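Chemist: Got a structure here, written out as structure tokens. Questions coming.
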Amino acid sequence: MAKILKAEIWDKMQYLFRDFYDRMVHCVQIYDAPIDVDAMKNVLLWTTEKTPILHSAFRVNAVEPYWSVEDYSIDDIVTVKLDCEDLDSTIDEFICRSIPVDNNVQYQFGIFSDGKLWAIAMIVNHMCMDGGDFKYFMKKLAENYNKQISGERGFSIKTGSRSLDEVYSNLTEEEKEIAKGLYKNISAVKDEHYFPLTPSSKEDHTMICKRKVEKELFDNFKAIGKKLDVTVNDLMLAFYIRALYDVGMFDESEKLSIPCMVDLRRHIEAGGANTGLTNHTGFMVCSVEGKGETINDTLISVLRSVRKSKEDPYMGLYSLPLLKLAYAVFPHAISETAIKIGYMNPLIGMSNIGLLNDVLLKLGDANLVDGFMTGAVKYKPYMQLALTTVKGQMTMTIAIRGNDEDKKIVEGFFDLIKQNMRDFIELNRDKLN
Amino acid sequence: MEDKFKSYLESAFRTIAPTKAAMEYRKQTLKDMLARAQELRIKGMTDEDLIFDTVLEDYEDFGDKLKEFEQKEIKTNSAKRNVLLGTVIGVAVTVILVVAYLLVGLLGHLWHPGWLIIVGGLFLGVGVLLGLAGIKAIAKKRFVALRLFVVIAEVLLSVFVFLLLQIVFKFNGSWMAFLAMVALILGVDTAIAFFTNSKGKWIELPIFVEGLSVMLYVILGLVISFWHPGWLLCLVGVVFAVCELVVFVALHNNKKEKKEKKKLSDKFVKTDEKYWSDWD
């Protein structure tokens, strides 16, 4: 009889999100030297063995869904192609796929090369982990791979609890009591603005639209931000929101609310280093009352909004107790229906995944030269901008199911965001010196 | 800049007691000040001294705010606990009522009219809630809400009295409870109007008298057939209103007379040397 693993609340929530996106999280890392395929396979096998959720199938039933641990072989996980004619399109083809929930493995890993560059690409079911743990996973993979090729032992991967309750582990007893009473869903985004994609059609397919922000541009706005004591996240929210007003042709005096994903591991002991691989993501809502005359005005509105969230010691923890109660009291079918009624998926979002550390992600002699991580592929009309930085270069990604027309809209949107970056630099050029 | 704000705040906060709450307020104020300074910088202000002064200008009345903060009533967050206690009491009373009803029904075979225990209990519960809401309304001077709560309570009381008279005491004239209810509502409402010094209190008084008279006329007519000359009772309210009007006009005239006399006295009797030279 197959071993059974408990389906945690976030697993069920991510499963519920199947109506809004494809539940896959994506990562691509490009290297300048060969990768030892055999060593990587060994490390992946070890990691998969230590993390049963990665080789389990999600079994849904009306009462209580669960994971059943399944047999697998490395071929179920790894795809290798070292003679790619077009590396980019091979990677795209690989990551634009989806793993069914009842598959025997919940992630797939590709090793590709065109002879000049080498790439690793991975997609994983969002029910197993979020961006925060995906970054951890990739770092551990590199660490273990480096040990493997140098003949060392002592691989490691965290294997602790995947429970939602871990999110309270770094709070004091008093704070815990308050946090566990936060039934009110103050984080709900009631904004009805949507990104102007075309209506759904037969031509729609999975696409991950990407745009680089050149190092100089990124460095410049980051430097100005530093002078103004503003984070890259705040700046990107301002650029993004301003571009949304333009692309969506929203009334400039209308209020616009954008949820921005936040890593809840800030509330977890040791930053979540001892939990299992799972989801611990919440969001803070950034609301601006209008577009503002200049990019600086938009930035001020953004700062006013996010300040409230940043000062809240319980940021991202609202409504988790309600979620827990719903799943604890009712059988799965009822709780899912009840949550679906009360849950409103944000139409537009932003997720700053942050830095992919090239030092920690180095694979032997192969240096990380490029890469990105992005969230699930959203179904229309939902969309999310994801941001990753590698070696001082930022990559913006929008993963959607759309057609060529949608791609053009998204490309135009990236242009607007970059124009806002340039406008910001121009307006604040005096702070660069 | 941060140090300057800190030093300003440390000196400002020395005017109030050094409590933990004051410390938290001080820290929050520093955050707000830094945020404001940041906004001014983003807007393009470059002179750090000017930024500092501009931020402090926003805190001109900070001394008053601090005093206000210190005098603020310290309250515990009792609302949630009271709701919990109220809910528990409500559940307990409901259980007791149901048990009492079952006992009366099972032991005394009084299923009917034993159900009145439940109805009475429910009405009483609603009455208690209305009473609590009424007390809050008085505290917040929301007298319209208070009067509404009282009316609802009176209606419930009248319905229960009617049920008791009709079902338990088999009293034929039980319907008169509803006639009395009208007079009761008008009477109590008028009393509240006077108690709260409502603007329409003098208009409400004759309406109450008229309502009471009409209800009395109907009751006397139906019980002892006092239709004639009982109908004269219907004029009592009108007579009362006319008398009230006479008193009002007399009082008004008296007041006007006094005012006019004072005006004339100021003009023709009172003397002041400035009236010789003042041209303005």
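In the structure tokens, the first chain shown is A, the next is B, and so on; residue numbers restart at 1 for each chain, and ligands run from 1 in the order shown.
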Please return, as number ranges by chain, all residues of chain B lying within 12 Å of chain A when only C-alpha atoms are considered.
Modeler: B: 27-28, 31-32, 34-46, 80
Chemist: Output C-alpha atoms for every residue in the selection just made, as an mmCIF file, in the first residue's frame.
Modeler:
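Result saved to out_31.cif:
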data_model
loop_
_atom_site.group_PDB
_atom_site.id
_atom_site.type_symbol
_atom_site.label_atom_id
_atom_site.label_comp_id
_atom_site.auth_asym_id
_atom_site.auth_seq_id
_atom_site.Cartn_x
_atom_site.Cartn_y
_atom_site.Cartn_z
ATOM 1 C CA LYS B 27 8.612 55.780 17.865
ATOM 2 C CA GLN B 28 5.590 55.926 15.567
ATOM 3 C CA LYS B 31 8.548 56.908 11.562
ATOM 4 C CA ASP B 32 5.906 59.350 10.342
ATOM 5 C CA LEU B 34 10.985 60.230 8.421
ATOM 6 C CA ALA B 35 8.337 59.195 5.922
ATOM 7 C CA ARG B 36 7.296 62.828 5.446
ATOM 8 C CA ALA B 37 10.940 63.860 4.985
ATOM 9 C CA GLN B 38 11.346 61.114 2.411
ATOM 10 C CA GLU B 39 8.299 62.366 0.504
ATOM 11 C CA LEU B 40 9.692 65.905 0.446
ATOM 12 C CA ARG B 41 12.983 64.596 -0.928
ATOM 13 C CA ILE B 42 11.172 62.647 -3.650
ATOM 14 C CA LYS B 43 9.221 65.786 -4.513
ATOM 15 C CA GLY B 44 12.552 67.475 -5.135
ATOM 16 C CA MET B 45 13.404 69.359 -1.937
ATOM 17 C CA THR B 46 17.164 69.149 -1.483
ATOM 18 C CA LYS B 80 -15.327 41.371 22.290
#
Chemist: Can you pull out the residues contacting range 341-345 of chain A? Cut-off 12 Å, using only C-alpha atoms, and skip same-chain residues under 4 positions away; I want them as JSON, numbers by chain.
Modeler: {"A": [13, 14, 16, 17, 18, 19, 20, 21, 184, 185, 187, 188, 189, 190, 191, 192, 194, 258, 259, 283, 319, 322, 323, 326, 334, 335, 336, 337, 349, 378, 379, 380, 381, 382, 383, 384]}
Chemist: Grab the residues selected above and save them as a short mmCIF file (atom, residue, chain, number, x, y, z; two decimals), in the first residue's frame with N, CA and C atoms.
Modeler:
data_model
loop_
_atom_site.label_atom_id
_atom_site.label_comp_id
_atom_site.auth_asym_id
_atom_site.auth_seq_id
_atom_site.Cartn_x
_atom_site.Cartn_y
_atom_site.Cartn_z
N MET A 13 -5.15 24.85 -1.01
CA MET A 13 -5.43 26.18 -1.55
C MET A 13 -4.86 26.30 -2.96
N GLN A 14 -3.62 25.84 -3.14
CA GLN A 14 -3.02 25.91 -4.47
C GLN A 14 -3.81 25.05 -5.46
N LEU A 16 -6.99 24.61 -5.30
CA LEU A 16 -8.19 25.41 -5.58
C LEU A 16 -7.89 26.48 -6.65
N PHE A 17 -6.65 26.95 -6.66
CA PHE A 17 -6.28 27.99 -7.62
C PHE A 17 -6.18 27.48 -9.06
N ARG A 18 -6.44 26.17 -9.26
CA ARG A 18 -6.37 25.60 -10.61
C ARG A 18 -7.28 26.33 -11.59
N ASP A 19 -8.31 26.99 -11.04
CA ASP A 19 -9.23 27.73 -11.91
C ASP A 19 -8.60 29.03 -12.43
N PHE A 20 -7.54 29.46 -11.79
CA PHE A 20 -6.95 30.76 -12.15
C PHE A 20 -5.60 30.63 -12.85
N TYR A 21 -4.87 29.55 -12.58
CA TYR A 21 -3.57 29.36 -13.23
C TYR A 21 -3.16 27.89 -13.26
N LYS A 184 -10.40 38.21 10.08
CA LYS A 184 -10.88 39.19 9.11
C LYS A 184 -9.99 39.19 7.88
N ASN A 185 -10.61 39.18 6.71
CA ASN A 185 -9.82 39.17 5.48
C ASN A 185 -9.58 40.59 5.00
N SER A 187 -6.97 41.62 3.67
CA SER A 187 -6.08 41.65 2.52
C SER A 187 -6.84 41.47 1.20
N ALA A 188 -8.13 41.22 1.29
CA ALA A 188 -8.88 40.95 0.07
C ALA A 188 -8.77 42.12 -0.90
N VAL A 189 -8.48 41.80 -2.15
CA VAL A 189 -8.34 42.85 -3.16
C VAL A 189 -9.65 42.95 -3.93
N LYS A 190 -10.32 44.09 -3.75
CA LYS A 190 -11.62 44.21 -4.42
C LYS A 190 -11.51 45.02 -5.71
N ASP A 191 -10.28 45.22 -6.17
CA ASP A 191 -10.08 46.03 -7.36
C ASP A 191 -10.62 45.30 -8.59
N GLU A 192 -11.31 46.06 -9.47
CA GLU A 192 -11.89 45.41 -10.64
C GLU A 192 -11.19 45.80 -11.94
N TYR A 194 -8.68 45.31 -14.85
CA TYR A 194 -8.01 44.12 -15.38
C TYR A 194 -7.06 44.49 -16.52
N ILE A 258 -3.07 46.90 -6.13
CA ILE A 258 -2.29 45.78 -6.66
C ILE A 258 -1.75 44.96 -5.49
N PRO A 259 -2.02 43.66 -5.46
CA PRO A 259 -1.40 42.86 -4.41
C PRO A 259 0.05 42.53 -4.77
N PHE A 283 0.12 38.20 0.79
CA PHE A 283 0.36 39.40 0.00
C PHE A 283 -0.03 40.66 0.75
N SER A 319 -6.63 36.40 7.75
CA SER A 319 -7.55 35.42 7.15
C SER A 319 -6.99 33.99 7.13
N LEU A 322 -9.12 31.84 9.32
CA LEU A 322 -10.42 31.55 8.70
C LEU A 322 -10.30 30.38 7.73
N LEU A 323 -9.21 30.43 6.97
CA LEU A 323 -8.92 29.37 6.00
C LEU A 323 -8.77 28.02 6.72
N ALA A 326 -12.11 26.80 7.98
CA ALA A 326 -12.96 26.26 6.90
C ALA A 326 -12.52 24.84 6.53
N ILE A 334 -17.03 20.67 0.60
CA ILE A 334 -17.80 21.82 1.11
C ILE A 334 -16.86 23.00 1.38
N SER A 335 -15.74 22.72 2.03
CA SER A 335 -14.84 23.83 2.36
C SER A 335 -14.32 24.50 1.09
N GLU A 336 -14.04 23.70 0.06
CA GLU A 336 -13.54 24.30 -1.18
C GLU A 336 -14.60 25.20 -1.81
N THR A 337 -15.85 24.71 -1.79
CA THR A 337 -16.94 25.52 -2.35
C THR A 337 -17.10 26.81 -1.54
N GLY A 349 -1.34 41.28 -10.34
CA GLY A 349 -0.47 41.15 -9.17
C GLY A 349 0.99 41.37 -9.52
N LYS A 378 -0.89 32.28 -15.73
CA LYS A 378 -2.24 32.75 -15.38
C LYS A 378 -3.20 32.59 -16.56
N TYR A 379 -4.45 32.29 -16.21
CA TYR A 379 -5.49 32.23 -17.24
C TYR A 379 -6.16 33.59 -17.32
N LYS A 380 -6.59 33.97 -18.49
CA LYS A 380 -7.24 35.27 -18.67
C LYS A 380 -8.45 35.38 -17.75
N PRO A 381 -8.74 36.50 -17.17
CA PRO A 381 -8.09 37.80 -17.34
C PRO A 381 -6.99 38.07 -16.29
N TYR A 382 -6.55 37.03 -15.60
CA TYR A 382 -5.57 37.25 -14.52
C TYR A 382 -4.16 37.42 -15.10
N MET A 383 -3.36 38.19 -14.42
CA MET A 383 -1.95 38.33 -14.83
C MET A 383 -1.11 38.75 -13.63
N GLN A 384 0.17 38.41 -13.72
CA GLN A 384 1.09 38.80 -12.66
C GLN A 384 2.47 39.08 -13.25
#
Chemist: What lies within 9 Å of Val188 in chain B using only C-alpha atoms, ignoring chain neighbours under 3 positions off, as a PDB file with C-alpha atoms, in the first residue's frame?
Modeler:
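This went into out.pdb:
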ATOM      1  CA  ARG B 147     -37.046  56.113  20.985  1.00  0.00           C
ATOM      2  CA  VAL B 150     -38.393  51.777  23.307  1.00  0.00           C
ATOM      3  CA  VAL B 151     -41.238  51.517  20.770  1.00  0.00           C
ATOM      4  CA  ALA B 183     -51.408  55.270  24.309  1.00  0.00           C
ATOM      5  CA  LEU B 184     -48.373  53.733  25.993  1.00  0.00           C
ATOM      6  CA  ILE B 185     -46.137  54.357  22.951  1.00  0.00           C
ATOM      7  CA  ALA B 191     -41.845  61.615  28.237  1.00  0.00           C
ATOM      8  CA  ILE B 192     -38.570  60.838  26.432  1.00  0.00           C
ATOM      9  CA  ALA B 193     -39.048  63.973  24.311  1.00  0.00           C
TER      10      ALA B 193
END
Chemist: Using only C-alpha atoms, can you tell me which of A:Asp251, A:Asn125, A:Asp92, A:Ile149 comes closest to Asp38 in chain A?
Modeler: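 Of all the options, A:Ile149 lies closest to Asp38 in chain A.
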Chemist: Could you check the closest approach to Lys140 in chain A for each of A:Met261, A:Val105, A:Leu387, A:Leu277 and tell me which residue wins, using only C-alpha atoms?
Modeler: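 Among the listed residues, A:Leu277 lies closest to Lys140 in chain A.
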Chemist: Could you list, as a ChimeraX atom specification, every residue within 7 Å of Gly120 in chain B, counting only C-alpha atoms and ignoring same-chain residues fewer than 4 positions away?
Modeler: /B:116,124,160
Chemist: I need the residues from that last selection saved to file as a CSV table (one decimal), in the first residue's frame (with C-alpha atoms), if you can.
Modeler:
chain,number,residue,atom,x,y,z
B,116,LEU,CA,-45.6,31.0,26.2
B,124,LEU,CA,-37.5,39.3,27.3
B,160,PHE,CA,-47.1,39.3,25.3
Chemist: Applying 6 Å and only C-alpha atoms, which residues near Met350 in chain A remain after dropping the ones on its own chain fewer than 3 positions away? List them as a PyMOL selection string.
Modeler: chain A and resi 260+384-386
Chemist: What's the separation between CA of Arg81 in chain B and CA of Asn170 in chain A, in Å to one decimal place?
Modeler: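 Answer for the CA of Arg81 in chain B to CA of Asn170 in chain A separation: 27.2 Å.
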Chemist: Please provide the set of residues having any atom within 10 Å of range 406-410 of chain A, restricted to only C-alpha atoms, with same-chain residues fewer than 3 positions apart removed, written as a list in words.
Modeler: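 The filter keeps Phe195, Pro196, Leu197, Thr198, Pro199, Asp204, Met207, Ile208, Cys209, Lys210, Arg211, Val247, Thr397, Ile398, Ala399, Ile400, Arg401, Gly402, Asn403, Phe413, Phe414, Asp415 and Leu416 of chain A.
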Chemist: Going by DSSP on the backbone, which residues of range 251-368 of chain A come out as helix (DSSP H, G or I)? List them as a PyMOL selection string.
Modeler: chain A and resi 264-267+269-272+295-311+320-329+332-342
Chemist: Pick the closest to Asn420 in chain A from A:Phe330, A:Phe250, A:Phe134, A:Phe221: which is it, counting only C-alpha atoms?
Modeler: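 That would be A:Phe221, the residue with the smallest distance to Asn420 in chain A.
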Chemist: List as number ranges by chain the protein and nucleic acid residues near range 231-238 of chain B, meaning an atom at most 12 Å away when only C-alpha atoms are counted, but skip any in the same chain fewer than 5 places from it.
Modeler: B: 203-221, 225-226, 243-245
Chemist: Can you list every residue in range 266-396 of chain A that DSSP puts in strand (DSSP E), as a ChimeraX atom specification?
Modeler: /A:281-288,348-355,368-374,383-390,393-396
Chemist: When you draw a straight line from CA of Ala57 in chain A to CA of Glu93 in chain A, how long is it in Å?
Modeler: 23.8 Å
Chemist: Pick from A:Val101, A:Ala223, A:Ile91, A:Ala33: nearest to Gly115 in chain A, with only C-alpha atoms counted?
Modeler: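 Closest to Gly115 in chain A of all the choices is A:Ala33.
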Chemist: Of the residues B:Val247, B:Val144, B:Ala177, B:Ala22, which is the one nearest to Lys67 in chain B, using only C-alpha atoms?
Modeler: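 Of B:Val247, B:Val144, B:Ala177, B:Ala22, the one nearest Lys67 in chain B is B:Ala22, counting only C-alpha atoms.
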Chemist: For Trp202 in chain B, which residue among B:Phe240, B:Trp115, B:Phe171, B:Trp279 is the nearest when counting only C-alpha atoms?
Modeler: B:Phe240
